[in-house]
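Notes follow the structure.
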Amino acid sequence: MVNHKDIIAIFKFLLAVVLVPFFYSKRKKTWLICEDELEARDNGYWLYKYICENDQLQDVVYAINYSSPDFNKVKDMGKTCRYGSINHWIYYLCSEYNISSQKGGKPNAAVCYVLEIYGIIKDKNIFLQHGITLNNGHWLHYKNTKMRLFICGALKEYTFINEYFGYPKDNLKLLGFPRFDQLYDIDVDEKMILIMPTWREWLNYKTNAVNKLHYDGVFEHSSYYKYWNELLSNKKFINFIEENNYKVIFFPHRNAQKYLKSFSTISKNIILSSWKKYDVQFLLKKAAVLITDYSSVAIDFAYMNKPVLYYTFDIVDFRIGQYEEGYFDYENNELGYSVKNVDEIISVCENLSEMHFKLNDEKINNINNFFGIRDKNNCQRIIDTIKEL
C-alpha cells in the first residue's frame, strides 16, 4: 500500500534524477552505507568504521537520521548524509554500491524496490544482513531482491541460501559479518542474564496472520506478552536471581519496544531496558547467558561460545505468522538449550551456573561447524570482495 511518505519520496527521486549529472563524476566510486535509519550499531556501522580507520582511499558515506541517538557516533568519523533526504537520493543514484544491513536500507524502500526489481537500477545493492538467516524468508529470495551481493555469516546459512534462494553463484558469498570482528577479548559478567525476545509481525501490522491466530489487536492479550511477563513476574524465577544476586536485562526487539511499558516486575534485579539506552552488542558481550525465543542475536551469542536458552512457547504460531521453517530447529538445535516453561528455564540456568556458564566441548564443536569461518578479518574480507566485483 502506497502511503504519503512514498509519494513524497517519488518527488524527491525525480528531483534527484535531475541533479544527478552535477554530482555523478564525484560520487560514482562512493560506497553508501546504512542500516535502520535510527541506528549505527550493526553490520553497517562496523564496516563503515573499519573503512574510515583502515581504508581512507575509499570514499564512503553513512546515511542516518540526524535525530538518531547514534548520530554522534558517526558524525565526526567520516561523511554522513541525512536519511531519506534529497542528498541521500543523489548518493543512492550516483554511488557505486548501496551497502546495508537492512533489505529496506535505502532512501525509500518502496520506491527503490520498484527501481531495482524492474531493472531500472542494477547491481548496486550489497546486503550485509541484520542477523544470520535461519528461516525460509521468501522476501530475501533473489527474484525479490536482485541483490548484487548477499553476504552470509555462517557456513550452514550459506549452504541453505545457496540451495533455496536462487542467487547466482557470484552473488552469494560466505564472508562473515562485520560485527563479528568485535566478538573477541570479551569481559563477561557472570552475574548478568540477558533476555532478548524477537518480535511478532502480527502484533504490529495487519498481516494475514492476525485472523489465522485470532489476535484481537490488544497486546496484553497476546501469548507473547503473557509468557514473557509471566517470566518477569514469576516468584520462583525472582527468588532464583535474587538469591544468586543475578542482574537480568530484559531487552525486547526494537519493533516491540513500544510495548515495553506493558511489562512489569517486582524485582529490583530485573531491568526493563530501552533500545535507546543500551547498545545491543555491549549487552551480548557482557552477559553470561542469553534467554530468547527466536532472535538471530542468539547466533552472535553462540559465536562467543556462550550458552543460549530458546524459549519456544509459541513455535506453532511463529511458523504460521512469521517465518517458514528453514534449516534451524529451535526446539532441538545443536547450539543451545530448548525450554518450554519457566521451571525449565530455572533448571537450565542452575545447571549452567554450576559450570560458570561455560559450554561443553560438544557444543563448542557444533558452533565451530555451524560458522565455518571464525576470525577477526570479516570487514577486510568484505571490502576485498566488493572491490573485486
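Within each chain, counting starts at residue 1; across the C-alpha cells, chains are named A, B, ... in the order shown, with ligands numbered 1 upward in that order.
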Write out as a Markdown table the residues of region 66-108 of chain A that have any atom within 12 Å of an atom of region 136-155 of chain A, one row each with the nearest atom pair and its distance in Å to one decimal, counting only C-alpha atoms, sorted by chain and then rising number.
| residue | atom | partner | partner_atom | distance |
| --- | --- | --- | --- | --- |
| A:Glu96 | CA | A:Arg148 | CA | 11.4 |
| A:Tyr97 | CA | A:Arg148 | CA | 9.1 |
| A:Asn98 | CA | A:Arg148 | CA | 9.8 |
| A:Ile99 | CA | A:Leu149 | CA | 9.3 |
| A:Ser100 | CA | A:Phe150 | CA | 10.4 |
| A:Ser101 | CA | A:Ile151 | CA | 9.7 |
| A:Gln102 | CA | A:Leu140 | CA | 10.7 |
| A:Lys103 | CA | A:Thr145 | CA | 7.9 |
| A:Gly104 | CA | A:Thr145 | CA | 9.9 |
If you count only C-alpha atoms, which residues fall within 10 Å of Leu19 (chain A), apart from same-chain ones fewer than 5 positions away, as a list of chain:residue names?
A:Phe13, A:Leu14, A:Tyr24, A:Ile86, A:Asn87, A:Trp89, A:Ile90
Okay, now the selection with C-alpha atoms, as a PDB file, in the first residue's frame?
ATOM      1  CA  PHE A  13      13.607  10.789  -6.520  1.00  0.00           C
ATOM      2  CA  LEU A  14      12.547  12.797  -9.577  1.00  0.00           C
ATOM      3  CA  TYR A  24      27.872  11.749 -10.692  1.00  0.00           C
ATOM      4  CA  ILE A  86      17.500  14.621  -1.457  1.00  0.00           C
ATOM      5  CA  ASN A  87      21.193  14.180  -0.743  1.00  0.00           C
ATOM      6  CA  TRP A  89      18.740  10.025  -3.043  1.00  0.00           C
ATOM      7  CA  ILE A  90      21.600  11.554  -5.019  1.00  0.00           C
TER       8      ILE A  90
END
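In terms of minimum interatomic distance to Asn378 (chain A), A:Asp181 ranks closest within A:Asn125, A:Tyr45, A:Tyr62, A:Asp181, counting only C-alpha atoms.
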>> Can you pull out every residue from region 89-223 of chain A that DSSP, working from the backbone, puts in strand (DSSP E or B), and format the result as a list in words?
In response: Tyr97, Asn98, Ile99, Ser100, Asn125, Ile126, Phe127, Asn136, Leu149, Phe150, Ile151, Cys152, Leu172, Lys173, Leu174, Asp189, Glu190, Lys191, Met192, Ile193, Leu194 and Ile195 of chain A
Write out as a short mmCIF file (atom, residue, chain, number, x, y, z; two decimals) with all heavy atoms, in the first residue's frame which residues come within 9 Å of Asp42 (chain A) when counting only C-alpha atoms, dropping same-chain ones fewer than 6 positions away.
data_model
loop_
_atom_site.label_atom_id
_atom_site.label_comp_id
_atom_site.auth_asym_id
_atom_site.auth_seq_id
_atom_site.Cartn_x
_atom_site.Cartn_y
_atom_site.Cartn_z
N GLU A 35 22.04 1.30 7.85
CA GLU A 35 21.24 0.20 8.38
C GLU A 35 19.86 0.79 8.64
O GLU A 35 19.37 1.57 7.82
CB GLU A 35 21.90 -0.42 9.62
CG GLU A 35 22.52 0.55 10.57
CD GLU A 35 23.61 -0.11 11.42
OE1 GLU A 35 24.46 -0.86 10.88
OE2 GLU A 35 23.60 0.13 12.64
N ASP A 36 19.21 0.48 9.74
CA ASP A 36 17.98 1.18 10.06
C ASP A 36 18.30 2.66 10.22
O ASP A 36 19.35 3.02 10.74
CB ASP A 36 17.39 0.62 11.37
CG ASP A 36 16.06 1.28 11.73
OD1 ASP A 36 16.09 2.35 12.37
OD2 ASP A 36 15.02 0.72 11.36
N SER A 101 22.70 -3.28 6.12
CA SER A 101 22.34 -4.47 6.89
C SER A 101 20.84 -4.75 6.81
O SER A 101 20.38 -5.76 7.31
CB SER A 101 22.75 -4.29 8.36
OG SER A 101 22.06 -3.19 8.92
N HIS A 130 21.11 -8.21 8.80
CA HIS A 130 20.92 -7.77 10.18
C HIS A 130 21.22 -8.92 11.14
O HIS A 130 21.71 -8.71 12.25
CB HIS A 130 19.48 -7.28 10.35
CG HIS A 130 19.06 -7.05 11.76
ND1 HIS A 130 19.70 -6.16 12.58
CD2 HIS A 130 18.07 -7.60 12.50
CE1 HIS A 130 19.11 -6.16 13.77
NE2 HIS A 130 18.13 -7.04 13.75
N PRO A 178 30.59 -8.09 9.61
CA PRO A 178 31.48 -7.06 10.16
C PRO A 178 31.49 -7.01 11.68
O PRO A 178 32.54 -6.84 12.30
CB PRO A 178 30.94 -5.77 9.55
CG PRO A 178 30.35 -6.19 8.25
CD PRO A 178 29.73 -7.54 8.54
N ARG A 179 30.32 -7.14 12.29
CA ARG A 179 30.26 -7.02 13.75
C ARG A 179 30.92 -8.20 14.46
O ARG A 179 31.27 -8.11 15.64
CB ARG A 179 28.82 -6.85 14.23
CG ARG A 179 27.91 -8.04 14.00
CD ARG A 179 26.54 -7.81 14.66
NE ARG A 179 25.68 -8.96 14.58
CZ ARG A 179 24.61 -9.07 13.79
NH1 ARG A 179 24.29 -8.08 12.98
NH2 ARG A 179 23.87 -10.16 13.80
N VAL A 280 23.18 -3.06 21.84
CA VAL A 280 22.92 -4.49 21.79
C VAL A 280 24.22 -5.30 21.89
O VAL A 280 24.31 -6.25 22.67
CB VAL A 280 22.18 -4.86 20.49
CG1 VAL A 280 22.09 -6.38 20.34
CG2 VAL A 280 20.79 -4.26 20.49
N GLN A 281 25.22 -4.90 21.13
CA GLN A 281 26.46 -5.68 21.15
C GLN A 281 27.14 -5.64 22.52
O GLN A 281 27.70 -6.65 22.96
CB GLN A 281 27.44 -5.20 20.07
CG GLN A 281 28.61 -6.15 19.92
CD GLN A 281 29.51 -5.80 18.76
OE1 GLN A 281 30.41 -4.98 18.91
NE2 GLN A 281 29.28 -6.41 17.61
#
Using DSSP on the backbone, list every residue of region 73-247 of chain A that comes out as alpha helix (DSSP H), and give them as a PDB file with N, CA, C and O atoms, in the first residue's frame.
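Okay, selection.pdb is ready:
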ATOM      1  N   LYS A  73      27.911   9.090  17.093  1.00  0.00           N
ATOM      2  CA  LYS A  73      28.937   8.071  16.893  1.00  0.00           C
ATOM      3  C   LYS A  73      29.587   8.187  15.520  1.00  0.00           C
ATOM      4  O   LYS A  73      30.756   7.845  15.349  1.00  0.00           O
ATOM      5  N   VAL A  74      28.829   8.669  14.539  1.00  0.00           N
ATOM      6  CA  VAL A  74      29.332   8.654  13.170  1.00  0.00           C
ATOM      7  C   VAL A  74      29.605  10.040  12.591  1.00  0.00           C
ATOM      8  O   VAL A  74      30.311  10.156  11.584  1.00  0.00           O
ATOM      9  N   ILE A  86      17.111  14.518  -0.049  1.00  0.00           N
ATOM     10  CA  ILE A  86      17.500  14.621  -1.457  1.00  0.00           C
ATOM     11  C   ILE A  86      18.948  14.167  -1.634  1.00  0.00           C
ATOM     12  O   ILE A  86      19.287  13.463  -2.590  1.00  0.00           O
ATOM     13  N   ASN A  87      19.784  14.561  -0.676  1.00  0.00           N
ATOM     14  CA  ASN A  87      21.193  14.180  -0.743  1.00  0.00           C
ATOM     15  C   ASN A  87      21.361  12.666  -0.679  1.00  0.00           C
ATOM     16  O   ASN A  87      22.190  12.082  -1.393  1.00  0.00           O
ATOM     17  N   HIS A  88      20.555  12.021   0.164  1.00  0.00           N
ATOM     18  CA  HIS A  88      20.578  10.560   0.245  1.00  0.00           C
ATOM     19  C   HIS A  88      20.183   9.950  -1.098  1.00  0.00           C
ATOM     20  O   HIS A  88      20.809   8.995  -1.579  1.00  0.00           O
ATOM     21  N   TRP A  89      19.174  10.510  -1.741  1.00  0.00           N
ATOM     22  CA  TRP A  89      18.740  10.025  -3.043  1.00  0.00           C
ATOM     23  C   TRP A  89      19.850  10.184  -4.084  1.00  0.00           C
ATOM     24  O   TRP A  89      20.087   9.295  -4.905  1.00  0.00           O
ATOM     25  N   ILE A  90      20.527  11.322  -4.055  1.00  0.00           N
ATOM     26  CA  ILE A  90      21.600  11.554  -5.019  1.00  0.00           C
ATOM     27  C   ILE A  90      22.727  10.544  -4.817  1.00  0.00           C
ATOM     28  O   ILE A  90      23.254   9.964  -5.776  1.00  0.00           O
ATOM     29  N   TYR A  91      23.089  10.317  -3.545  1.00  0.00           N
ATOM     30  CA  TYR A  91      24.109   9.306  -3.260  1.00  0.00           C
ATOM     31  C   TYR A  91      23.651   7.927  -3.734  1.00  0.00           C
ATOM     32  O   TYR A  91      24.423   7.162  -4.313  1.00  0.00           O
ATOM     33  N   TYR A  92      22.399   7.603  -3.473  1.00  0.00           N
ATOM     34  CA  TYR A  92      21.862   6.298  -3.870  1.00  0.00           C
ATOM     35  C   TYR A  92      21.953   6.087  -5.378  1.00  0.00           C
ATOM     36  O   TYR A  92      22.317   5.005  -5.855  1.00  0.00           O
ATOM     37  N   LEU A  93      21.648   7.135  -6.140  1.00  0.00           N
ATOM     38  CA  LEU A  93      21.668   7.022  -7.598  1.00  0.00           C
ATOM     39  C   LEU A  93      23.078   7.070  -8.176  1.00  0.00           C
ATOM     40  O   LEU A  93      23.353   6.443  -9.202  1.00  0.00           O
ATOM     41  N   CYS A  94      23.961   7.819  -7.535  1.00  0.00           N
ATOM     42  CA  CYS A  94      25.314   8.010  -8.077  1.00  0.00           C
ATOM     43  C   CYS A  94      26.317   6.976  -7.594  1.00  0.00           C
ATOM     44  O   CYS A  94      27.248   6.618  -8.331  1.00  0.00           O
ATOM     45  N   ALA A 109      12.130   2.508   0.825  1.00  0.00           N
ATOM     46  CA  ALA A 109      12.142   1.081   0.493  1.00  0.00           C
ATOM     47  C   ALA A 109      11.193   0.756  -0.657  1.00  0.00           C
ATOM     48  O   ALA A 109      11.537  -0.029  -1.553  1.00  0.00           O
ATOM     49  N   ALA A 110      10.004   1.354  -0.664  1.00  0.00           N
ATOM     50  CA  ALA A 110       9.005   1.025  -1.683  1.00  0.00           C
ATOM     51  C   ALA A 110       9.430   1.492  -3.068  1.00  0.00           C
ATOM     52  O   ALA A 110       9.379   0.738  -4.047  1.00  0.00           O
ATOM     53  N   VAL A 111       9.855   2.747  -3.172  1.00  0.00           N
ATOM     54  CA  VAL A 111      10.254   3.294  -4.467  1.00  0.00           C
ATOM     55  C   VAL A 111      11.491   2.578  -4.988  1.00  0.00           C
ATOM     56  O   VAL A 111      11.568   2.208  -6.170  1.00  0.00           O
ATOM     57  N   CYS A 112      12.458   2.355  -4.120  1.00  0.00           N
ATOM     58  CA  CYS A 112      13.694   1.677  -4.545  1.00  0.00           C
ATOM     59  C   CYS A 112      13.436   0.238  -4.959  1.00  0.00           C
ATOM     60  O   CYS A 112      14.102  -0.296  -5.854  1.00  0.00           O
ATOM     61  N   TYR A 113      12.469  -0.407  -4.316  1.00  0.00           N
ATOM     62  CA  TYR A 113      12.102  -1.774  -4.698  1.00  0.00           C
ATOM     63  C   TYR A 113      11.669  -1.823  -6.157  1.00  0.00           C
ATOM     64  O   TYR A 113      12.106  -2.691  -6.930  1.00  0.00           O
ATOM     65  N   VAL A 114      10.823  -0.882  -6.553  1.00  0.00           N
ATOM     66  CA  VAL A 114      10.355  -0.830  -7.939  1.00  0.00           C
ATOM     67  C   VAL A 114      11.526  -0.592  -8.885  1.00  0.00           C
ATOM     68  O   VAL A 114      11.654  -1.249  -9.929  1.00  0.00           O
ATOM     69  N   LEU A 115      12.406   0.343  -8.529  1.00  0.00           N
ATOM     70  CA  LEU A 115      13.552   0.675  -9.381  1.00  0.00           C
ATOM     71  C   LEU A 115      14.474  -0.527  -9.578  1.00  0.00           C
ATOM     72  O   LEU A 115      15.007  -0.743 -10.671  1.00  0.00           O
ATOM     73  N   GLU A 116      14.644  -1.323  -8.523  1.00  0.00           N
ATOM     74  CA  GLU A 116      15.593  -2.433  -8.567  1.00  0.00           C
ATOM     75  C   GLU A 116      14.997  -3.700  -9.184  1.00  0.00           C
ATOM     76  O   GLU A 116      15.636  -4.353 -10.013  1.00  0.00           O
ATOM     77  N   ILE A 117      13.785  -4.046  -8.790  1.00  0.00           N
ATOM     78  CA  ILE A 117      13.177  -5.286  -9.265  1.00  0.00           C
ATOM     79  C   ILE A 117      12.895  -5.223 -10.763  1.00  0.00           C
ATOM     80  O   ILE A 117      12.997  -6.223 -11.473  1.00  0.00           O
ATOM     81  N   LEU A 155      28.429 -20.981   7.694  1.00  0.00           N
ATOM     82  CA  LEU A 155      28.502 -21.993   6.651  1.00  0.00           C
ATOM     83  C   LEU A 155      27.154 -22.657   6.401  1.00  0.00           C
ATOM     84  O   LEU A 155      26.731 -22.834   5.257  1.00  0.00           O
ATOM     85  N   LYS A 156      26.458 -23.030   7.479  1.00  0.00           N
ATOM     86  CA  LYS A 156      25.162 -23.704   7.304  1.00  0.00           C
ATOM     87  C   LYS A 156      24.138 -22.761   6.683  1.00  0.00           C
ATOM     88  O   LYS A 156      23.272 -23.181   5.895  1.00  0.00           O
ATOM     89  N   GLU A 157      24.216 -21.480   7.024  1.00  0.00           N
ATOM     90  CA  GLU A 157      23.349 -20.480   6.420  1.00  0.00           C
ATOM     91  C   GLU A 157      23.627 -20.392   4.919  1.00  0.00           C
ATOM     92  O   GLU A 157      22.697 -20.395   4.094  1.00  0.00           O
ATOM     93  N   TYR A 158      24.890 -20.286   4.557  1.00  0.00           N
ATOM     94  CA  TYR A 158      25.288 -20.177   3.152  1.00  0.00           C
ATOM     95  C   TYR A 158      24.792 -21.375   2.348  1.00  0.00           C
ATOM     96  O   TYR A 158      24.250 -21.228   1.239  1.00  0.00           O
ATOM     97  N   THR A 159      24.955 -22.568   2.888  1.00  0.00           N
ATOM     98  CA  THR A 159      24.543 -23.781   2.193  1.00  0.00           C
ATOM     99  C   THR A 159      23.045 -23.774   1.926  1.00  0.00           C
ATOM    100  O   THR A 159      22.583 -24.123   0.829  1.00  0.00           O
ATOM    101  N   PHE A 160      22.270 -23.340   2.926  1.00  0.00           N
ATOM    102  CA  PHE A 160      20.808 -23.301   2.804  1.00  0.00           C
ATOM    103  C   PHE A 160      20.370 -22.266   1.770  1.00  0.00           C
ATOM    104  O   PHE A 160      19.553 -22.550   0.884  1.00  0.00           O
ATOM    105  N   ILE A 161      20.898 -21.047   1.861  1.00  0.00           N
ATOM    106  CA  ILE A 161      20.517 -19.976   0.936  1.00  0.00           C
ATOM    107  C   ILE A 161      20.935 -20.323  -0.485  1.00  0.00           C
ATOM    108  O   ILE A 161      20.196 -20.081  -1.448  1.00  0.00           O
ATOM    109  N   ASN A 162      22.093 -20.912  -0.627  1.00  0.00           N
ATOM    110  CA  ASN A 162      22.590 -21.298  -1.950  1.00  0.00           C
ATOM    111  C   ASN A 162      21.658 -22.299  -2.618  1.00  0.00           C
ATOM    112  O   ASN A 162      21.468 -22.272  -3.845  1.00  0.00           O
ATOM    113  N   GLU A 163      21.032 -23.145  -1.822  1.00  0.00           N
ATOM    114  CA  GLU A 163      20.161 -24.184  -2.380  1.00  0.00           C
ATOM    115  C   GLU A 163      18.753 -23.689  -2.673  1.00  0.00           C
ATOM    116  O   GLU A 163      18.142 -24.092  -3.672  1.00  0.00           O
ATOM    117  N   TYR A 164      18.235 -22.767  -1.831  1.00  0.00           N
ATOM    118  CA  TYR A 164      16.815 -22.444  -1.913  1.00  0.00           C
ATOM    119  C   TYR A 164      16.480 -21.016  -2.350  1.00  0.00           C
ATOM    120  O   TYR A 164      15.345 -20.752  -2.744  1.00  0.00           O
ATOM    121  N   GLU A 201       5.333 -10.154  13.813  1.00  0.00           N
ATOM    122  CA  GLU A 201       4.781  -9.220  12.829  1.00  0.00           C
ATOM    123  C   GLU A 201       3.307  -8.933  13.079  1.00  0.00           C
ATOM    124  O   GLU A 201       2.839  -7.814  12.884  1.00  0.00           O
ATOM    125  N   TRP A 202       2.561  -9.950  13.503  1.00  0.00           N
ATOM    126  CA  TRP A 202       1.121  -9.760  13.644  1.00  0.00           C
ATOM    127  C   TRP A 202       0.758  -8.863  14.827  1.00  0.00           C
ATOM    128  O   TRP A 202      -0.378  -8.408  14.928  1.00  0.00           O
ATOM    129  N   LEU A 203       1.696  -8.580  15.697  1.00  0.00           N
ATOM    130  CA  LEU A 203       1.432  -7.659  16.801  1.00  0.00           C
ATOM    131  C   LEU A 203       1.544  -6.197  16.366  1.00  0.00           C
ATOM    132  O   LEU A 203       1.007  -5.306  17.022  1.00  0.00           O
ATOM    133  N   ASN A 204       2.266  -5.948  15.276  1.00  0.00           N
ATOM    134  CA  ASN A 204       2.496  -4.580  14.799  1.00  0.00           C
ATOM    135  C   ASN A 204       1.738  -4.246  13.523  1.00  0.00           C
ATOM    136  O   ASN A 204       1.398  -3.094  13.289  1.00  0.00           O
ATOM    137  N   ALA A 209      -1.822 -13.171   9.222  1.00  0.00           N
ATOM    138  CA  ALA A 209      -1.708 -13.987  10.429  1.00  0.00           C
ATOM    139  C   ALA A 209      -2.622 -13.500  11.550  1.00  0.00           C
ATOM    140  O   ALA A 209      -2.952 -14.272  12.454  1.00  0.00           O
ATOM    141  N   VAL A 210      -3.032 -12.247  11.498  1.00  0.00           N
ATOM    142  CA  VAL A 210      -3.910 -11.706  12.541  1.00  0.00           C
ATOM    143  C   VAL A 210      -5.183 -12.534  12.647  1.00  0.00           C
ATOM    144  O   VAL A 210      -5.615 -12.909  13.745  1.00  0.00           O
ATOM    145  N   ASN A 211      -5.789 -12.844  11.505  1.00  0.00           N
ATOM    146  CA  ASN A 211      -7.016 -13.642  11.504  1.00  0.00           C
ATOM    147  C   ASN A 211      -6.735 -15.107  11.790  1.00  0.00           C
ATOM    148  O   ASN A 211      -7.481 -15.765  12.528  1.00  0.00           O
ATOM    149  N   LYS A 212      -5.647 -15.616  11.227  1.00  0.00           N
ATOM    150  CA  LYS A 212      -5.312 -17.026  11.442  1.00  0.00           C
ATOM    151  C   LYS A 212      -5.061 -17.319  12.917  1.00  0.00           C
ATOM    152  O   LYS A 212      -5.392 -18.395  13.415  1.00  0.00           O
ATOM    153  N   SER A 223      -0.048 -14.049  23.414  1.00  0.00           N
ATOM    154  CA  SER A 223       0.770 -15.040  24.114  1.00  0.00           C
ATOM    155  C   SER A 223       2.178 -14.495  24.338  1.00  0.00           C
ATOM    156  O   SER A 223       2.839 -14.852  25.320  1.00  0.00           O
ATOM    157  N   TYR A 224       2.641 -13.642  23.423  1.00  0.00           N
ATOM    158  CA  TYR A 224       3.961 -13.011  23.566  1.00  0.00           C
ATOM    159  C   TYR A 224       4.034 -12.274  24.905  1.00  0.00           C
ATOM    160  O   TYR A 224       4.978 -12.467  25.683  1.00  0.00           O
ATOM    161  N   TYR A 225       3.049 -11.440  25.150  1.00  0.00           N
ATOM    162  CA  TYR A 225       3.025 -10.696  26.416  1.00  0.00           C
ATOM    163  C   TYR A 225       2.838 -11.649  27.607  1.00  0.00           C
ATOM    164  O   TYR A 225       3.544 -11.539  28.618  1.00  0.00           O
ATOM    165  N   LYS A 226       1.927 -12.561  27.467  1.00  0.00           N
ATOM    166  CA  LYS A 226       1.598 -13.463  28.571  1.00  0.00           C
ATOM    167  C   LYS A 226       2.820 -14.233  29.063  1.00  0.00           C
ATOM    168  O   LYS A 226       3.119 -14.252  30.268  1.00  0.00           O
ATOM    169  N   TYR A 227       3.551 -14.844  28.134  1.00  0.00           N
ATOM    170  CA  TYR A 227       4.656 -15.716  28.545  1.00  0.00           C
ATOM    171  C   TYR A 227       5.874 -14.929  29.024  1.00  0.00           C
ATOM    172  O   TYR A 227       6.526 -15.329  30.000  1.00  0.00           O
ATOM    173  N   TRP A 228       6.192 -13.821  28.349  1.00  0.00           N
ATOM    174  CA  TRP A 228       7.357 -13.066  28.803  1.00  0.00           C
ATOM    175  C   TRP A 228       7.081 -12.329  30.104  1.00  0.00           C
ATOM    176  O   TRP A 228       7.943 -12.264  30.980  1.00  0.00           O
ATOM    177  N   ASN A 229       5.878 -11.808  30.259  1.00  0.00           N
ATOM    178  CA  ASN A 229       5.569 -11.120  31.510  1.00  0.00           C
ATOM    179  C   ASN A 229       5.469 -12.117  32.665  1.00  0.00           C
ATOM    180  O   ASN A 229       5.822 -11.799  33.812  1.00  0.00           O
ATOM    181  N   GLU A 230       5.012 -13.332  32.354  1.00  0.00           N
ATOM    182  CA  GLU A 230       4.970 -14.372  33.381  1.00  0.00           C
ATOM    183  C   GLU A 230       6.368 -14.674  33.897  1.00  0.00           C
ATOM    184  O   GLU A 230       6.576 -14.837  35.115  1.00  0.00           O
ATOM    185  N   LEU A 231       7.344 -14.732  32.996  1.00  0.00           N
ATOM    186  CA  LEU A 231       8.716 -14.977  33.414  1.00  0.00           C
ATOM    187  C   LEU A 231       9.230 -13.848  34.304  1.00  0.00           C
ATOM    188  O   LEU A 231       9.832 -14.097  35.354  1.00  0.00           O
ATOM    189  N   LEU A 232       8.975 -12.614  33.905  1.00  0.00           N
ATOM    190  CA  LEU A 232       9.481 -11.457  34.642  1.00  0.00           C
ATOM    191  C   LEU A 232       8.861 -11.324  36.034  1.00  0.00           C
ATOM    192  O   LEU A 232       9.474 -10.745  36.933  1.00  0.00           O
ATOM    193  N   SER A 233       7.667 -11.868  36.197  1.00  0.00           N
ATOM    194  CA  SER A 233       6.966 -11.738  37.481  1.00  0.00           C
ATOM    195  C   SER A 233       6.891 -13.057  38.254  1.00  0.00           C
ATOM    196  O   SER A 233       6.317 -13.102  39.355  1.00  0.00           O
ATOM    197  N   LYS A 235       7.606 -15.849  40.763  1.00  0.00           N
ATOM    198  CA  LYS A 235       8.252 -15.802  42.084  1.00  0.00           C
ATOM    199  C   LYS A 235       9.465 -16.733  42.159  1.00  0.00           C
ATOM    200  O   LYS A 235      10.487 -16.387  42.771  1.00  0.00           O
ATOM    201  N   LYS A 236       9.362 -17.914  41.552  1.00  0.00           N
ATOM    202  CA  LYS A 236      10.495 -18.841  41.584  1.00  0.00           C
ATOM    203  C   LYS A 236      11.690 -18.268  40.821  1.00  0.00           C
ATOM    204  O   LYS A 236      12.830 -18.386  41.263  1.00  0.00           O
ATOM    205  N   PHE A 237      11.401 -17.643  39.674  1.00  0.00           N
ATOM    206  CA  PHE A 237      12.476 -17.049  38.889  1.00  0.00           C
ATOM    207  C   PHE A 237      13.099 -15.876  39.644  1.00  0.00           C
ATOM    208  O   PHE A 237      14.330 -15.729  39.694  1.00  0.00           O
ATOM    209  N   ILE A 238      12.263 -15.050  40.248  1.00  0.00           N
ATOM    210  CA  ILE A 238      12.763 -13.905  41.010  1.00  0.00           C
ATOM    211  C   ILE A 238      13.587 -14.364  42.206  1.00  0.00           C
ATOM    212  O   ILE A 238      14.652 -13.809  42.502  1.00  0.00           O
ATOM    213  N   ASN A 239      13.116 -15.402  42.890  1.00  0.00           N
ATOM    214  CA  ASN A 239      13.886 -15.933  44.023  1.00  0.00           C
ATOM    215  C   ASN A 239      15.246 -16.452  43.556  1.00  0.00           C
ATOM    216  O   ASN A 239      16.268 -16.241  44.227  1.00  0.00           O
ATOM    217  N   PHE A 240      15.253 -17.106  42.420  1.00  0.00           N
ATOM    218  CA  PHE A 240      16.494 -17.645  41.865  1.00  0.00           C
ATOM    219  C   PHE A 240      17.503 -16.531  41.583  1.00  0.00           C
ATOM    220  O   PHE A 240      18.678 -16.621  41.974  1.00  0.00           O
ATOM    221  N   ILE A 241      17.066 -15.479  40.906  1.00  0.00           N
ATOM    222  CA  ILE A 241      18.019 -14.423  40.548  1.00  0.00           C
ATOM    223  C   ILE A 241      18.430 -13.592  41.766  1.00  0.00           C
ATOM    224  O   ILE A 241      19.584 -13.150  41.879  1.00  0.00           O
ATOM    225  N   GLU A 242      17.501 -13.391  42.705  1.00  0.00           N
ATOM    226  CA  GLU A 242      17.842 -12.566  43.868  1.00  0.00           C
ATOM    227  C   GLU A 242      18.728 -13.323  44.854  1.00  0.00           C
ATOM    228  O   GLU A 242      19.648 -12.744  45.444  1.00  0.00           O
ATOM    229  N   GLU A 243      18.477 -14.608  45.029  1.00  0.00           N
ATOM    230  CA  GLU A 243      19.307 -15.407  45.926  1.00  0.00           C
ATOM    231  C   GLU A 243      20.742 -15.526  45.401  1.00  0.00           C
ATOM    232  O   GLU A 243      21.700 -15.622  46.179  1.00  0.00           O
TER     233      GLU A 243
END
Original post:
region 326-330 of chain A: which residues within 8 Å, counting only C-alpha atoms, same-chain residues fewer than 2 positions away excluded, as an MDAnalysis selection string?
Top reply: chainID A and resid 134:136 157 160 294 310 312 324 332:333 338
| task | May I have the residues within 8 Å of Phe357 (chain A) as a list in words, using only C-alpha atoms and disregarding those fewer than 5 positions away in the same chain? | result | Glu190, Ala288, Val289, Lys306, Pro307 and Leu352 of chain A
Would you put the residues from that selection into a file with N, CA, C and O atoms, as an mmCIF file, in the first residue's frame?
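The result, written out as out06.cif:
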data_model
loop_
_atom_site.group_PDB
_atom_site.id
_atom_site.type_symbol
_atom_site.label_atom_id
_atom_site.label_comp_id
_atom_site.auth_asym_id
_atom_site.auth_seq_id
_atom_site.Cartn_x
_atom_site.Cartn_y
_atom_site.Cartn_z
ATOM 1 N N GLU A 190 29.521 -12.730 35.007
ATOM 2 C CA GLU A 190 28.821 -13.978 35.329
ATOM 3 C C GLU A 190 27.533 -13.750 36.105
ATOM 4 O O GLU A 190 26.764 -14.688 36.333
ATOM 5 N N ALA A 288 26.346 -13.360 30.640
ATOM 6 C CA ALA A 288 26.856 -14.727 30.787
ATOM 7 C C ALA A 288 25.963 -15.738 30.086
ATOM 8 O O ALA A 288 26.437 -16.787 29.637
ATOM 9 N N VAL A 289 24.670 -15.445 30.015
ATOM 10 C CA VAL A 289 23.715 -16.364 29.395
ATOM 11 C C VAL A 289 22.616 -15.539 28.732
ATOM 12 O O VAL A 289 22.282 -14.444 29.191
ATOM 13 N N LYS A 306 29.015 -18.923 24.216
ATOM 14 C CA LYS A 306 28.236 -18.694 25.431
ATOM 15 C C LYS A 306 26.856 -19.328 25.279
ATOM 16 O O LYS A 306 26.327 -19.431 24.174
ATOM 17 N N PRO A 307 26.245 -19.760 26.389
ATOM 18 C CA PRO A 307 25.003 -20.545 26.325
ATOM 19 C C PRO A 307 23.755 -19.716 26.020
ATOM 20 O O PRO A 307 23.578 -18.613 26.533
ATOM 21 N N LEU A 352 23.827 -24.430 34.435
ATOM 22 C CA LEU A 352 24.865 -23.645 33.781
ATOM 23 C C LEU A 352 25.679 -22.827 34.774
ATOM 24 O O LEU A 352 26.890 -22.667 34.625
#
